[in-house]
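*Asks:* First the structure, which I've put down as structure tokens, then a few questions once you've had a look.
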Amino acid sequence: MTTATVRVPAKINLCLGVGPVRVDGFHPLATVYQALDLHDEVRATVDDAGTLSVATRTTEEERADVPEGLDNLALEAAALLRERTGVEAGVELSIRKVIPVGGGLAGGSADAAAALVACNEVWGTGLSRHELEPLAAELGSDVPFLLHGGIAIGGGRGETVSPVLARGSYHWVLGVAAQGLSTAAVYAEFDRLTQDREVPEPEVSDALLAALRAGDAELLGQALSNDLTEAALSLRPELRSTLDLGLEAEALGAVISGSGPTCLFLASDEEHSLDIAIALAGAGACADVVQARGPVSGVRFV
Ligand code: ATP
């Protein structure tokens, strides 16, 4: 096959516990990921001349933020797979972006996971998902989770994923900001704010795991947490009023997604999700308001 097309979901963090910075500059994380039905699509076409190239279809506002060269995480993923497998062919990647760029939803990591799977297919390199995991981990902390999707615990710097016993399907509303936030800048702010405090080793709370085992959205709403909240709010104070708006609309829980600035609201059902979305859109607090469901599976062929 010379062309393969895959879809890859966005991720959210139901909790994001962040520990003290390690000597390698990373922070140990204890997180629970959930994949949402907000998908980027990546098409890979073999280039017999051996060239690696990428083109991205996205909104006018986001275009400048998505690199076209090897800085694009999807192309970096293709280059890594080629290097490790000794393939000589190149690939032309075409990405249709739906996941907001720089939103704390791991869009770039998602495209990297998608590119690994699509290139593995068109180059006939035949690696299993399991065999793609170490390459995914080299590319970024969120990439291994996006290969599989669903709900999983992330340890290490997020790259060691293990399954979680969970039931239920959850309704989310995403308040997307006009301008992305740099993950590095948020972690730097976290380090600045915590420099005179003892930062404990991060843990996933029993309350969160119990809520997922029970499939109880109300308990899950109460158990959502994010240790980067203070840092993200310090850089973007206006996110506080976005979170409050969702809570006024009786969201079961409100939390910043990853390093932000996307705000996440948990709803009890489809109708409640629409109520929250209307409240946010009506207040004009976000550039975009998106309703999504999770969990969904990771990278899959279309
Ligand atoms: P993180 O995974 O660090 O939480 P994020 O979800 O906040 O990131 P992304 O959408 O992944 O944000 O984009 C972060 C940066 O990664 C962008 O500003 C962009 O420069 C770079 N980038 C590289 N490749 C891609 C890609 N395929 N799609 C989007 N951004 C990309």
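Residue names in the structure tokens use chain letters A, B, ... in the order shown, residue numbers from 1 in each chain, and ligand numbers from 1 in the order shown.
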List as a list in words the protein and nucleic acid residues near Val54 of chain A, meaning an atom at most 7 Å away when only C-alpha atoms are counted, but skip any in the same chain fewer than 5 places from it.

*Replies:*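 Here the answer would be Glu68, Gly69, Leu75, Glu92, Leu93 and Ser94 of chain A.
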
*Asks:* Please list as a ChimeraX atom specification every residue within 12 Å of Leu264 of chain A, counting only C-alpha atoms and excluding residues in the same chain fewer than 3 positions away.

*Replies:* /A:11-15,36,103-105,170-177,221,224-226,239,242-247,251-261,267,273,276-277,280,286,289-293

*Asks:* Generate the output file for the selected residues, N, CA and C atoms, as a tab-separated table (two decimals), in the first residue's frame.

*Replies:*
chain	number	residue	atom	x	y	z
A	11	LYS	N	-5.92	14.35	23.74
A	11	LYS	CA	-5.96	13.81	25.11
A	11	LYS	C	-6.28	14.93	26.08
A	12	ILE	N	-6.91	14.51	27.20
A	12	ILE	CA	-7.02	15.42	28.34
A	12	ILE	C	-6.41	14.70	29.55
A	13	ASN	N	-6.08	15.46	30.57
A	13	ASN	CA	-5.57	14.88	31.82
A	13	ASN	C	-6.65	15.05	32.87
A	14	LEU	N	-7.17	13.93	33.38
A	14	LEU	CA	-8.19	14.00	34.43
A	14	LEU	C	-7.55	14.47	35.74
A	15	CYS	N	-6.29	14.10	35.92
A	15	CYS	CA	-5.49	14.68	37.00
A	15	CYS	C	-4.10	14.85	36.43
A	36	LEU	N	-10.16	11.88	23.70
A	36	LEU	CA	-11.46	12.48	23.33
A	36	LEU	C	-11.73	12.37	21.83
A	103	GLY	N	-2.95	23.98	22.79
A	103	GLY	CA	-4.10	24.07	23.70
A	103	GLY	C	-4.00	23.18	24.92
A	104	GLY	N	-2.88	22.46	25.10
A	104	GLY	CA	-2.79	21.51	26.21
A	104	GLY	C	-3.57	20.24	25.92
A	105	LEU	N	-3.79	19.96	24.63
A	105	LEU	CA	-4.55	18.78	24.22
A	105	LEU	C	-3.65	17.80	23.45
A	170	TYR	N	-18.00	9.85	28.98
A	170	TYR	CA	-18.13	11.15	29.64
A	170	TYR	C	-18.33	12.28	28.61
A	171	HIS	N	-19.13	13.25	29.02
A	171	HIS	CA	-19.44	14.42	28.16
A	171	HIS	C	-18.60	15.60	28.63
A	172	TRP	N	-17.83	16.15	27.72
A	172	TRP	CA	-16.95	17.26	28.06
A	172	TRP	C	-17.29	18.49	27.23
A	173	VAL	N	-17.02	19.65	27.81
A	173	VAL	CA	-17.06	20.90	27.04
A	173	VAL	C	-15.67	21.52	27.16
A	174	LEU	N	-15.12	21.95	26.03
A	174	LEU	CA	-13.78	22.53	26.01
A	174	LEU	C	-13.88	24.01	25.67
A	175	GLY	N	-13.35	24.83	26.55
A	175	GLY	CA	-13.27	26.26	26.27
A	175	GLY	C	-11.89	26.54	25.71
A	176	VAL	N	-11.84	26.82	24.41
A	176	VAL	CA	-10.54	26.97	23.73
A	176	VAL	C	-10.17	28.45	23.66
A	177	ALA	N	-8.95	28.79	24.08
A	177	ALA	CA	-8.50	30.19	24.07
A	177	ALA	C	-7.98	30.57	22.68
A	221	GLY	N	-16.10	14.45	38.53
A	221	GLY	CA	-16.05	15.92	38.49
A	221	GLY	C	-15.36	16.48	39.73
A	224	LEU	N	-11.33	15.84	39.70
A	224	LEU	CA	-10.42	16.40	38.68
A	224	LEU	C	-9.39	17.31	39.36
A	225	SER	N	-8.14	17.26	38.90
A	225	SER	CA	-7.13	18.14	39.51
A	225	SER	C	-5.99	18.39	38.53
A	226	ASN	N	-5.29	19.48	38.75
A	226	ASN	CA	-4.15	19.82	37.89
A	226	ASN	C	-3.16	20.68	38.67
A	239	LEU	N	-8.23	33.06	32.70
A	239	LEU	CA	-8.80	31.69	32.67
A	239	LEU	C	-9.63	31.41	33.92
A	242	THR	N	-13.16	32.04	33.14
A	242	THR	CA	-13.70	30.99	32.25
A	242	THR	C	-14.10	29.78	33.08
A	243	LEU	N	-13.20	29.37	34.01
A	243	LEU	CA	-13.51	28.21	34.87
A	243	LEU	C	-14.77	28.50	35.70
A	244	ASP	N	-14.87	29.73	36.23
A	244	ASP	CA	-16.04	30.09	37.05
A	244	ASP	C	-17.33	30.05	36.24
A	245	LEU	N	-17.25	30.48	34.98
A	245	LEU	CA	-18.45	30.47	34.13
A	245	LEU	C	-19.02	29.05	33.99
A	246	GLY	N	-18.11	28.09	33.78
A	246	GLY	CA	-18.55	26.70	33.64
A	246	GLY	C	-19.16	26.18	34.93
A	247	LEU	N	-18.56	26.57	36.06
A	247	LEU	CA	-19.09	26.12	37.36
A	247	LEU	C	-20.46	26.75	37.63
A	251	ALA	N	-21.36	22.80	35.89
A	251	ALA	CA	-20.47	21.72	35.45
A	251	ALA	C	-20.13	20.86	36.66
A	252	LEU	N	-19.98	19.54	36.43
A	252	LEU	CA	-19.67	18.62	37.54
A	252	LEU	C	-18.24	18.82	38.02
A	253	GLY	N	-17.43	19.43	37.17
A	253	GLY	CA	-16.05	19.72	37.53
A	253	GLY	C	-15.46	20.63	36.46
A	254	ALA	N	-14.45	21.42	36.83
A	254	ALA	CA	-13.81	22.33	35.88
A	254	ALA	C	-12.32	22.30	36.15
A	255	VAL	N	-11.52	22.18	35.10
A	255	VAL	CA	-10.08	22.07	35.29
A	255	VAL	C	-9.37	22.54	34.02
A	256	ILE	N	-8.14	23.01	34.18
A	256	ILE	CA	-7.35	23.37	32.99
A	256	ILE	C	-6.78	22.09	32.41
A	257	SER	N	-6.77	22.00	31.08
A	257	SER	CA	-6.27	20.80	30.40
A	257	SER	C	-4.75	20.86	30.26
A	258	GLY	N	-4.05	19.89	30.82
A	258	GLY	CA	-2.58	19.84	30.69
A	258	GLY	C	-1.95	21.16	31.12
A	259	SER	N	-1.11	21.72	30.24
A	259	SER	CA	-0.48	23.00	30.56
A	259	SER	C	-1.35	24.18	30.10
A	260	GLY	N	-2.58	23.90	29.66
A	260	GLY	CA	-3.50	24.96	29.26
A	260	GLY	C	-3.19	25.48	27.87
A	261	PRO	N	-3.96	26.49	27.47
A	261	PRO	CA	-4.97	27.23	28.21
A	261	PRO	C	-6.40	26.69	28.04
A	267	ALA	N	-19.80	17.43	32.02
A	267	ALA	CA	-21.26	17.57	32.05
A	267	ALA	C	-21.89	16.22	32.39
A	273	SER	N	-24.27	19.27	28.61
A	273	SER	CA	-23.08	19.70	27.87
A	273	SER	C	-23.42	20.89	26.97
A	276	ILE	N	-23.83	24.09	29.07
A	276	ILE	CA	-22.53	24.68	29.45
A	276	ILE	C	-21.90	25.38	28.24
A	277	ALA	N	-21.98	24.70	27.09
A	277	ALA	CA	-21.39	25.28	25.87
A	277	ALA	C	-22.06	26.62	25.54
A	280	LEU	N	-20.89	29.36	27.97
A	280	LEU	CA	-19.53	29.84	27.67
A	280	LEU	C	-19.52	30.70	26.41
A	286	CYS	N	-14.37	32.54	25.48
A	286	CYS	CA	-13.39	31.69	24.77
A	286	CYS	C	-13.47	31.97	23.27
A	289	VAL	N	-15.78	27.06	21.49
A	289	VAL	CA	-16.32	26.13	22.49
A	289	VAL	C	-16.64	24.83	21.77
A	290	VAL	N	-16.11	23.72	22.30
A	290	VAL	CA	-16.23	22.43	21.62
A	290	VAL	C	-16.84	21.41	22.58
A	291	GLN	N	-17.81	20.63	22.11
A	291	GLN	CA	-18.33	19.52	22.91
A	291	GLN	C	-17.64	18.24	22.46
A	292	ALA	N	-17.24	17.41	23.39
A	292	ALA	CA	-16.53	16.17	23.03
A	292	ALA	C	-16.91	15.06	24.00
A	293	ARG	N	-16.68	13.82	23.54
A	293	ARG	CA	-16.94	12.63	24.36
A	293	ARG	C	-15.66	11.84	24.54

*Asks:* Compile the contact shell of Leu209 of chain A as a list in words: residues with an atom at most 8 Å away, counting only C-alpha atoms, same-chain residues fewer than 6 positions apart removed.

*Replies:*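 Non-adjacent residues within range: Val164, Leu165 and Ala166 of chain A.
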
*Asks:* For the residues in the current selection, export C-alpha atoms as a PDB file, in the first residue's frame.

*Replies:*
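As a result, selection24.pdb now contains:
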ATOM      1  CA  VAL A 164      -6.994   1.836  34.252  1.00  0.00           C
ATOM      2  CA  LEU A 165     -10.074  -0.103  35.194  1.00  0.00           C
ATOM      3  CA  ALA A 166     -12.785   2.284  34.055  1.00  0.00           C
TER       4      ALA A 166
END

*Asks:* Using only C-alpha atoms, can you tell me which of A:Leu16, A:Ala211, A:Val186, A:Leu116 comes closest to Pro28 of chain A?

*Replies:*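 Comparing A:Leu16, A:Ala211, A:Val186, A:Leu116 against Pro28 of chain A, the winner is A:Leu16.
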
*Asks:* Could you make a table, as JSON lines, of the residues of chain A that have an atom within 9 Å of an atom of ligand 1, each with its nearest atom pair and distance in Å to one decimal, counting only C-alpha atoms and all ligand atoms, in chain and number order?

*Replies:*
{"residue": "A:Ala10", "atom": "CA", "partner": "ligand 1", "partner_atom_place_in_ligand_line": "6 (O)", "distance": 8.3}
{"residue": "A:Lys11", "atom": "CA", "partner": "ligand 1", "partner_atom_place_in_ligand_line": "6 (O)", "distance": 8.4}
{"residue": "A:Thr56", "atom": "CA", "partner": "ligand 1", "partner_atom_place_in_ligand_line": "27 (N)", "distance": 7.7}
{"residue": "A:Glu62", "atom": "CA", "partner": "ligand 1", "partner_atom_place_in_ligand_line": "29 (C)", "distance": 8.8}
{"residue": "A:Ala64", "atom": "CA", "partner": "ligand 1", "partner_atom_place_in_ligand_line": "20 (O)", "distance": 8.5}
{"residue": "A:Asp65", "atom": "CA", "partner": "ligand 1", "partner_atom_place_in_ligand_line": "20 (O)", "distance": 5.1}
{"residue": "A:Val66", "atom": "CA", "partner": "ligand 1", "partner_atom_place_in_ligand_line": "19 (C)", "distance": 4.8}
{"residue": "A:Pro67", "atom": "CA", "partner": "ligand 1", "partner_atom_place_in_ligand_line": "23 (C)", "distance": 5.7}
{"residue": "A:Glu68", "atom": "CA", "partner": "ligand 1", "partner_atom_place_in_ligand_line": "24 (N)", "distance": 8.1}
{"residue": "A:Gly69", "atom": "CA", "partner": "ligand 1", "partner_atom_place_in_ligand_line": "24 (N)", "distance": 9.0}
{"residue": "A:Leu70", "atom": "CA", "partner": "ligand 1", "partner_atom_place_in_ligand_line": "24 (N)", "distance": 8.6}
{"residue": "A:Asp71", "atom": "CA", "partner": "ligand 1", "partner_atom_place_in_ligand_line": "23 (C)", "distance": 5.8}
{"residue": "A:Asn72", "atom": "CA", "partner": "ligand 1", "partner_atom_place_in_ligand_line": "24 (N)", "distance": 3.5}
{"residue": "A:Leu73", "atom": "CA", "partner": "ligand 1", "partner_atom_place_in_ligand_line": "24 (N)", "distance": 3.9}
{"residue": "A:Ala74", "atom": "CA", "partner": "ligand 1", "partner_atom_place_in_ligand_line": "27 (N)", "distance": 5.3}
{"residue": "A:Leu75", "atom": "CA", "partner": "ligand 1", "partner_atom_place_in_ligand_line": "27 (N)", "distance": 7.9}
{"residue": "A:Glu76", "atom": "CA", "partner": "ligand 1", "partner_atom_place_in_ligand_line": "24 (N)", "distance": 8.4}
{"residue": "A:Ile95", "atom": "CA", "partner": "ligand 1", "partner_atom_place_in_ligand_line": "27 (N)", "distance": 7.4}
{"residue": "A:Lys97", "atom": "CA", "partner": "ligand 1", "partner_atom_place_in_ligand_line": "28 (N)", "distance": 7.3}
{"residue": "A:Ile99", "atom": "CA", "partner": "ligand 1", "partner_atom_place_in_ligand_line": "10 (O)", "distance": 7.1}
{"residue": "A:Pro100", "atom": "CA", "partner": "ligand 1", "partner_atom_place_in_ligand_line": "10 (O)", "distance": 6.0}
{"residue": "A:Val101", "atom": "CA", "partner": "ligand 1", "partner_atom_place_in_ligand_line": "10 (O)", "distance": 3.5}
{"residue": "A:Gly102", "atom": "CA", "partner": "ligand 1", "partner_atom_place_in_ligand_line": "12 (O)", "distance": 3.1}
{"residue": "A:Gly103", "atom": "CA", "partner": "ligand 1", "partner_atom_place_in_ligand_line": "7 (O)", "distance": 4.3}
{"residue": "A:Gly104", "atom": "CA", "partner": "ligand 1", "partner_atom_place_in_ligand_line": "7 (O)", "distance": 3.4}
{"residue": "A:Leu105", "atom": "CA", "partner": "ligand 1", "partner_atom_place_in_ligand_line": "6 (O)", "distance": 3.9}
{"residue": "A:Ala106", "atom": "CA", "partner": "ligand 1", "partner_atom_place_in_ligand_line": "6 (O)", "distance": 3.2}
{"residue": "A:Gly107", "atom": "CA", "partner": "ligand 1", "partner_atom_place_in_ligand_line": "10 (O)", "distance": 3.9}
{"residue": "A:Gly108", "atom": "CA", "partner": "ligand 1", "partner_atom_place_in_ligand_line": "11 (O)", "distance": 3.4}
{"residue": "A:Ser109", "atom": "CA", "partner": "ligand 1", "partner_atom_place_in_ligand_line": "2 (O)", "distance": 5.5}
{"residue": "A:Ala110", "atom": "CA", "partner": "ligand 1", "partner_atom_place_in_ligand_line": "11 (O)", "distance": 7.5}
{"residue": "A:Asp111", "atom": "CA", "partner": "ligand 1", "partner_atom_place_in_ligand_line": "27 (N)", "distance": 5.1}
{"residue": "A:Ala112", "atom": "CA", "partner": "ligand 1", "partner_atom_place_in_ligand_line": "27 (N)", "distance": 6.8}
{"residue": "A:Gly140", "atom": "CA", "partner": "ligand 1", "partner_atom_place_in_ligand_line": "2 (O)", "distance": 7.7}
{"residue": "A:Ser141", "atom": "CA", "partner": "ligand 1", "partner_atom_place_in_ligand_line": "2 (O)", "distance": 7.8}
{"residue": "A:Asp142", "atom": "CA", "partner": "ligand 1", "partner_atom_place_in_ligand_line": "2 (O)", "distance": 6.4}
{"residue": "A:Val143", "atom": "CA", "partner": "ligand 1", "partner_atom_place_in_ligand_line": "2 (O)", "distance": 8.4}
{"residue": "A:Gly180", "atom": "CA", "partner": "ligand 1", "partner_atom_place_in_ligand_line": "7 (O)", "distance": 6.8}
{"residue": "A:Leu181", "atom": "CA", "partner": "ligand 1", "partner_atom_place_in_ligand_line": "7 (O)", "distance": 6.3}
{"residue": "A:Ser182", "atom": "CA", "partner": "ligand 1", "partner_atom_place_in_ligand_line": "7 (O)", "distance": 6.4}
{"residue": "A:Thr183", "atom": "CA", "partner": "ligand 1", "partner_atom_place_in_ligand_line": "3 (O)", "distance": 4.9}
{"residue": "A:Ala184", "atom": "CA", "partner": "ligand 1", "partner_atom_place_in_ligand_line": "3 (O)", "distance": 7.7}
{"residue": "A:Ser257", "atom": "CA", "partner": "ligand 1", "partner_atom_place_in_ligand_line": "4 (O)", "distance": 8.4}
{"residue": "A:Gly258", "atom": "CA", "partner": "ligand 1", "partner_atom_place_in_ligand_line": "4 (O)", "distance": 5.8}
{"residue": "A:Ser259", "atom": "CA", "partner": "ligand 1", "partner_atom_place_in_ligand_line": "4 (O)", "distance": 5.8}
{"residue": "A:Gly260", "atom": "CA", "partner": "ligand 1", "partner_atom_place_in_ligand_line": "7 (O)", "distance": 6.4}
{"residue": "A:Pro261", "atom": "CA", "partner": "ligand 1", "partner_atom_place_in_ligand_line": "7 (O)", "distance": 7.8}
{"residue": "A:Thr262", "atom": "CA", "partner": "ligand 1", "partner_atom_place_in_ligand_line": "7 (O)", "distance": 8.7}

*Asks:* Any idea what the distance is between atom CA of Ala118 of chain A and atom CA of Leu132 of chain A?

*Replies:*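 Interatomic distance here is 11.5 Å.
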
*Asks:* Find the residue from A:Val122, A:Ala114, A:Val32, A:Ala214 that sits nearest to Asp47 of chain A; use only C-alpha atoms when measuring.

*Replies:*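 Closest to Asp47 of chain A of all the choices is A:Val122.
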
*Asks:* Mind checking which residues fall within 12 Å of Asp196 of chain A, counting only C-alpha atoms, ignoring those fewer than 5 positions away in the same chain, and posting them as number ranges by chain?

*Replies:* A: 20, 190-191

*Asks:* If we count only C-alpha atoms and set the cut-off at 9 Å, which residues sit around Phe145 of chain A, ignoring sequence neighbours fewer than 6 positions away in its own chain? Please answer as a PDB file with C-alpha atoms, in the first residue's frame.

*Replies:*
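Result file follows (around.pdb):
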ATOM      1  CA  LYS A  11      -5.959  13.806  25.107  1.00  0.00           C
ATOM      2  CA  TYR A  33      -5.156  10.420  30.477  1.00  0.00           C
ATOM      3  CA  GLN A  34      -8.432  10.182  28.586  1.00  0.00           C
ATOM      4  CA  ALA A  35      -8.674  10.279  24.778  1.00  0.00           C
ATOM      5  CA  ALA A 113       1.685   8.960  17.080  1.00  0.00           C
ATOM      6  CA  GLU A 133       6.056   2.482  22.036  1.00  0.00           C
ATOM      7  CA  ALA A 136       6.814   7.144  20.721  1.00  0.00           C
ATOM      8  CA  ILE A 151      -8.060   5.881  29.733  1.00  0.00           C
ATOM      9  CA  ALA A 152      -4.623   5.195  31.209  1.00  0.00           C
ATOM     10  CA  ILE A 153      -2.322   6.173  34.042  1.00  0.00           C
ATOM     11  CA  GLY A 154       0.835   7.971  32.951  1.00  0.00           C
ATOM     12  CA  GLY A 158       4.082  10.755  31.337  1.00  0.00           C
ATOM     13  CA  GLU A 159       5.451   8.203  28.856  1.00  0.00           C
ATOM     14  CA  THR A 160       5.004   5.001  30.896  1.00  0.00           C
ATOM     15  CA  VAL A 161       1.339   4.162  30.434  1.00  0.00           C
ATOM     16  CA  SER A 162      -0.667   1.469  32.142  1.00  0.00           C
ATOM     17  CA  GLY A 298      -6.053   5.813  19.948  1.00  0.00           C
TER      18      GLY A 298
END

*Asks:* Just asking: which residues within segment 137-255 of chain A are helix (DSSP H, G or I) according to DSSP, as a VMD selection string?

*Replies:* chain A and resid 137 to 139 143 to 148 183 to 193 206 to 214 217 to 223 229 to 235 239 to 248

*Asks:* Apply DSSP to the structure's backbone, then extract all residues of segment 45-202 of chain A labelled strand (DSSP E) and return them as a PyMOL selection string.

*Replies:* chain A and resi 45-47+52-57+90-96+151-155+160-163+170-176
